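Below is coords00.txt, which holds compact mmCIF, C-alpha atoms.
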```
# COMPACT_ATOMS: atom_id res chain seq x y z
CA ASP A 595 -13.94 -77.06 -86.12
CA ASP A 596 -14.05 -74.99 -82.93
CA PRO A 597 -10.90 -75.33 -80.81
CA HIS A 598 -12.03 -72.63 -78.37
CA GLY A 599 -15.41 -74.35 -77.90
CA ALA A 600 -13.71 -77.71 -77.44
CA ARG A 601 -11.39 -76.26 -74.78
CA HIS A 602 -14.37 -74.70 -72.99
CA ALA A 603 -16.29 -77.99 -73.10
CA LEU A 604 -13.33 -79.92 -71.70
CA GLN A 605 -12.92 -77.35 -68.92
CA ARG A 606 -16.59 -77.66 -67.97
CA LEU A 607 -16.38 -81.47 -68.07
CA GLY A 608 -13.34 -81.21 -65.79
CA ASP A 609 -15.33 -78.99 -63.42
CA LEU A 610 -18.07 -81.63 -63.26
CA LEU A 611 -15.64 -84.45 -62.57
CA HIS A 612 -13.74 -82.43 -59.96
CA TYR A 613 -16.96 -81.74 -58.03
CA VAL A 614 -18.11 -85.36 -58.13
CA LEU A 615 -14.73 -86.74 -57.12
CA ARG A 616 -14.34 -84.22 -54.29
CA LEU A 617 -17.74 -85.12 -52.86
CA ASP A 618 -17.00 -88.81 -53.18
CA ARG A 619 -13.72 -88.33 -51.31
CA THR A 620 -15.03 -86.03 -48.56
CA ARG A 621 -18.50 -87.59 -48.12
CA GLU A 622 -19.97 -84.16 -47.38
CA GLU A 623 -23.65 -84.35 -46.45
CA LEU A 624 -24.31 -80.66 -47.11
CA VAL A 625 -22.69 -78.17 -49.49
CA PRO A 626 -23.37 -74.49 -50.16
CA LEU A 627 -25.99 -73.98 -52.87
CA ASP A 628 -23.32 -71.92 -54.64
CA GLU A 629 -21.30 -75.11 -55.24
CA GLU A 630 -24.32 -77.12 -56.34
CA TRP A 631 -25.34 -74.26 -58.64
CA GLY A 632 -21.83 -74.17 -60.14
CA PHE A 633 -22.09 -77.89 -60.84
CA VAL A 634 -25.46 -77.42 -62.55
CA CYS A 635 -24.13 -74.48 -64.60
CA ALA A 636 -21.23 -76.63 -65.85
CA PHE A 637 -23.72 -79.37 -66.76
CA LEU A 638 -25.99 -76.88 -68.57
CA ASP A 639 -23.03 -75.40 -70.48
CA LEU A 640 -22.35 -78.83 -71.95
CA GLU A 641 -26.02 -79.38 -72.74
CA ARG A 642 -26.15 -75.98 -74.50
CA LEU A 643 -23.35 -77.17 -76.77
CA ARG A 644 -25.34 -80.30 -77.49
CA PHE A 645 -28.76 -78.74 -78.09
CA GLY A 646 -27.98 -75.15 -79.08
CA ASP A 647 -31.09 -72.97 -79.39
CA ARG A 648 -33.38 -75.91 -78.58
CA LEU A 649 -32.46 -75.39 -74.91
CA GLN A 650 -33.65 -72.06 -73.50
CA ILE A 651 -32.76 -71.44 -69.85
CA THR A 652 -34.09 -68.95 -67.34
CA GLU A 653 -32.03 -68.70 -64.15
CA GLU A 654 -33.68 -67.11 -61.11
CA VAL A 655 -31.31 -67.89 -58.27
CA ASP A 656 -31.32 -65.22 -55.57
CA GLN A 657 -27.79 -64.29 -54.53
CA GLU A 658 -28.74 -64.25 -50.86
CA VAL A 659 -29.48 -68.00 -50.81
CA LEU A 660 -26.24 -69.12 -52.45
CA ASP A 661 -24.70 -69.62 -48.98
CA CYS A 662 -27.53 -71.97 -47.94
CA LEU A 663 -26.56 -75.56 -47.27
CA VAL A 664 -28.14 -78.23 -49.44
CA PRO A 665 -27.52 -81.93 -50.00
CA PRO A 666 -25.09 -82.53 -52.88
CA PHE A 667 -26.81 -83.48 -56.15
CA VAL A 668 -30.17 -82.13 -54.97
CA LEU A 669 -30.56 -79.90 -58.05
CA GLN A 670 -28.73 -81.57 -60.92
CA PRO A 671 -30.90 -84.72 -61.27
CA SER A 672 -34.01 -82.57 -61.83
CA VAL A 673 -32.18 -80.48 -64.42
CA GLU A 674 -30.85 -83.61 -66.10
CA ASN A 675 -34.36 -85.12 -66.20
CA ALA A 676 -35.69 -81.96 -67.84
CA VAL A 677 -32.99 -82.14 -70.50
CA ARG A 678 -33.45 -85.87 -71.03
CA HIS A 679 -37.25 -86.00 -71.09
CA ALA A 680 -38.17 -82.56 -72.45
CA VAL A 681 -35.34 -81.17 -74.56
CA ALA A 682 -33.93 -84.36 -76.07
CA THR A 683 -37.33 -85.73 -77.07
CA ARG A 684 -38.46 -82.71 -79.10
CA ARG A 685 -37.33 -80.79 -82.14
CA GLU A 686 -38.82 -77.51 -80.98
CA SER A 687 -37.23 -75.25 -78.40
CA THR A 688 -37.77 -76.18 -74.77
CA HIS A 689 -37.75 -73.63 -71.96
CA LEU A 690 -36.08 -74.73 -68.73
CA ARG A 691 -36.47 -72.60 -65.60
CA VAL A 692 -34.23 -73.05 -62.56
CA ALA A 693 -35.06 -70.93 -59.52
CA ALA A 694 -34.03 -70.73 -55.87
CA ARG A 695 -35.14 -68.32 -53.19
CA ALA A 696 -36.16 -68.06 -49.58
CA ASP A 697 -39.83 -68.04 -48.71
CA HIS A 698 -41.72 -66.36 -45.85
CA ASN A 699 -41.53 -69.48 -43.68
CA GLY A 700 -37.75 -69.69 -43.52
CA GLN A 701 -37.58 -72.35 -46.22
CA LEU A 702 -35.35 -72.59 -49.25
CA GLN A 703 -37.44 -73.24 -52.35
CA ILE A 704 -35.67 -74.77 -55.36
CA LEU A 705 -37.69 -75.13 -58.54
CA VAL A 706 -36.87 -76.81 -61.85
CA SER A 707 -39.58 -76.61 -64.49
CA ASP A 708 -39.88 -77.11 -68.22
CA ASN A 709 -42.51 -76.65 -70.88
CA GLY A 710 -41.90 -80.09 -72.33
CA PRO A 711 -44.36 -82.91 -72.96
CA GLY A 712 -45.02 -83.60 -69.28
CA ALA A 713 -45.96 -87.03 -67.99
CA ASN A 714 -48.57 -88.97 -66.09
CA LEU A 715 -47.96 -88.11 -62.42
CA ALA A 716 -48.86 -91.58 -61.14
CA GLU A 717 -46.34 -93.13 -63.53
CA VAL A 718 -43.66 -90.65 -62.47
CA LEU A 719 -44.22 -91.36 -58.78
CA SER A 720 -44.03 -95.12 -59.31
CA SER A 721 -41.12 -94.94 -61.75
CA ARG A 722 -37.99 -96.94 -61.09
CA GLY A 723 -35.90 -94.09 -62.49
CA LEU A 724 -32.93 -93.09 -60.39
CA GLY A 725 -32.85 -89.27 -60.50
CA LEU A 726 -35.87 -88.10 -58.52
CA ARG A 727 -35.88 -91.21 -56.36
CA ALA A 728 -32.26 -90.56 -55.32
CA VAL A 729 -33.07 -86.96 -54.41
CA ARG A 730 -36.15 -88.02 -52.44
CA GLU A 731 -34.13 -90.66 -50.55
CA ARG A 732 -31.32 -88.21 -49.83
CA LEU A 733 -33.81 -85.73 -48.39
CA ALA A 734 -35.45 -88.44 -46.27
CA VAL A 735 -32.23 -89.58 -44.57
CA LEU A 736 -30.70 -86.19 -43.84
CA GLN A 737 -31.06 -85.30 -40.19
CA PRO A 738 -31.65 -82.79 -38.73
CA VAL A 739 -32.22 -81.17 -42.14
CA ALA A 740 -35.64 -82.32 -43.28
CA GLY A 741 -36.63 -81.59 -46.83
CA ALA A 742 -39.36 -82.40 -49.29
CA LEU A 743 -39.60 -83.03 -53.01
CA THR A 744 -42.82 -82.51 -54.93
CA VAL A 745 -43.59 -83.09 -58.59
CA GLU A 746 -46.25 -81.40 -60.71
CA THR A 747 -46.89 -82.69 -64.20
CA ALA A 748 -49.52 -83.86 -66.63
CA PRO A 749 -49.31 -85.00 -70.25
CA GLY A 750 -48.88 -81.94 -72.45
CA HIS A 751 -48.32 -79.58 -69.51
CA GLY A 752 -44.61 -79.64 -68.71
CA PHE A 753 -42.86 -80.88 -65.62
CA THR A 754 -42.02 -79.13 -62.35
CA VAL A 755 -39.90 -80.37 -59.47
CA ARG A 756 -39.85 -78.41 -56.21
CA VAL A 757 -37.38 -79.09 -53.41
CA THR A 758 -38.06 -77.46 -50.04
CA LEU A 759 -35.34 -77.30 -47.38
CA PRO A 760 -34.81 -75.38 -44.16
CA LEU A 761 -32.93 -72.15 -44.80
CA MET A 762 -29.54 -73.04 -43.31
CA SER A 763 -26.08 -71.60 -43.77
CA ARG A 764 -22.75 -72.66 -42.33
CA ALA A 765 -23.43 -70.24 -39.48
CA GLY A 766 -26.84 -71.77 -38.66
CA ARG A 767 -30.46 -71.00 -39.38
CA MET A 768 -31.04 -68.02 -41.67
CA ARG A 769 -34.03 -65.73 -41.93
CA PRO A 770 -35.22 -64.21 -45.20
CA SER A 771 -33.86 -60.67 -45.38
CA ARG A 772 -36.88 -59.34 -47.24
CA ALA A 773 -40.43 -60.32 -48.04
CA LEU A 774 -40.24 -62.82 -50.87
CA THR A 775 -42.98 -64.29 -52.96
CA PRO A 776 -43.24 -68.05 -53.31
CA LEU A 777 -41.95 -69.68 -56.47
CA HIS A 778 -44.64 -70.61 -58.97
```

Transcribe the structure of this file into structure tokens.
Amino acid sequence: DDPHGARHALQRLGDLLHYVLRLDRTREELVPLDEEWGFVCAFLDLERLRFGDRLQITEEVDQEVLDCLVPPFVLQPSVENAVRHAVATRRESTHLRVAARADHNGQLQILVSDNGPGANLAEVLSSRGLGLRAVRERLAVLQPVAGALTVETAPGHGFTVRVTLPLMSRAGRMRPSRALTPLH
């Protein structure tokens, strides 16, 4: 019924596949956040087609951190989990917030949060699910780039994933260019 929408969806699906295949071929350990963000935007475009107004997105990605280096697929699994466990499980609208900025300590803070049903934190941390576990493992093996993943959730109180990484660009360590407040 919507040839233009179908073309757009196929283009975004092609963007996703191109990114995944390129990373598989090149085995890059770090990519600019700009590329990871583009991958997530393509994913979210497809999910918007699927869920329409049930998926509300707030994007708070500071332009100055888009050159920062991050592990590939550090952001998308958290976004996918939010869609899968918050948006897809409810009839009402779900708000998804994706944010990235530098903090005062020279760290890149990436945040994915939703106002969905939340979960029992102990069950999440012991889950055999692949998404968050894969991100945590990727952060643990990257040297010299050490990172951390934290989860905040409780039944009925949404879900928040925070990834903290050193603020690095292709040119080396970056410093925040202005005083920034932490992501909450």

Please produce, as JSON lines, a per-residue contact table for range 615-684 of chain A versus range 728-735 of chain A (criterion: any atom at most 8 Å away, only C-alpha atoms considered), showing the nearest atom pair and its distance in Å to one decimal, sorted by chain then residue number.
```
{"residue": "A:Pro665", "atom": "CA", "partner": "A:Arg732", "partner_atom": "CA", "distance": 7.3}
{"residue": "A:Phe667", "atom": "CA", "partner": "A:Val729", "partner_atom": "CA", "distance": 7.4}
{"residue": "A:Val668", "atom": "CA", "partner": "A:Val729", "partner_atom": "CA", "distance": 5.7}
{"residue": "A:Pro671", "atom": "CA", "partner": "A:Val729", "partner_atom": "CA", "distance": 7.5}
```

Set the distance at 12 Å and use only C-alpha atoms: which residues neighbour Leu640 in chain A once local chain neighbours fewer than 4 positions away are removed? I'd like the list as a PyMOL selection string. chain A and resi 599-610+633-636+644-646+649+674+677

The residue from A:Thr758, A:Arg648, A:Ala740, A:Phe637 with the smallest atom-to-atom distance to Gly710 in chain A, counting all atoms listed in the file, is A:Arg648

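Residues in contact with Pro711 in chain A at 7 Å, where all atoms listed in the file are counted and same-chain residues fewer than 6 positions away are skipped, are listed as A:Ala680, A:Pro749, A:Gly750, A:His751, A:Gly752.
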
What's the 7 Å shell around range 682-698 of chain A, counting only C-alpha atoms, without same-chain residues fewer than 2 positions away, as a PyMOL selection string?
-> chain A and resi 647-656+659+677-680+700-710+770+773-776

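Excluding Ala716 in chain A itself and same-chain residues fewer than 2 positions from it, the residues having an atom within 12 Å of it are Ala713, Asn714, Val718, Leu719, Ser720, Ser721, Val745, Glu746, Thr747, Ala748 and Pro749 of chain A, counting all atoms listed in the file.
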
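Nearest residue to Ala742 in chain A, choosing from A:Val681, A:Val673, A:Leu724, A:Val664 and counting all atoms listed in the file: A:Val664.
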
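Here CA of Glu629 in chain A and CA of Val757 in chain A stand 16.7 Å from one another.
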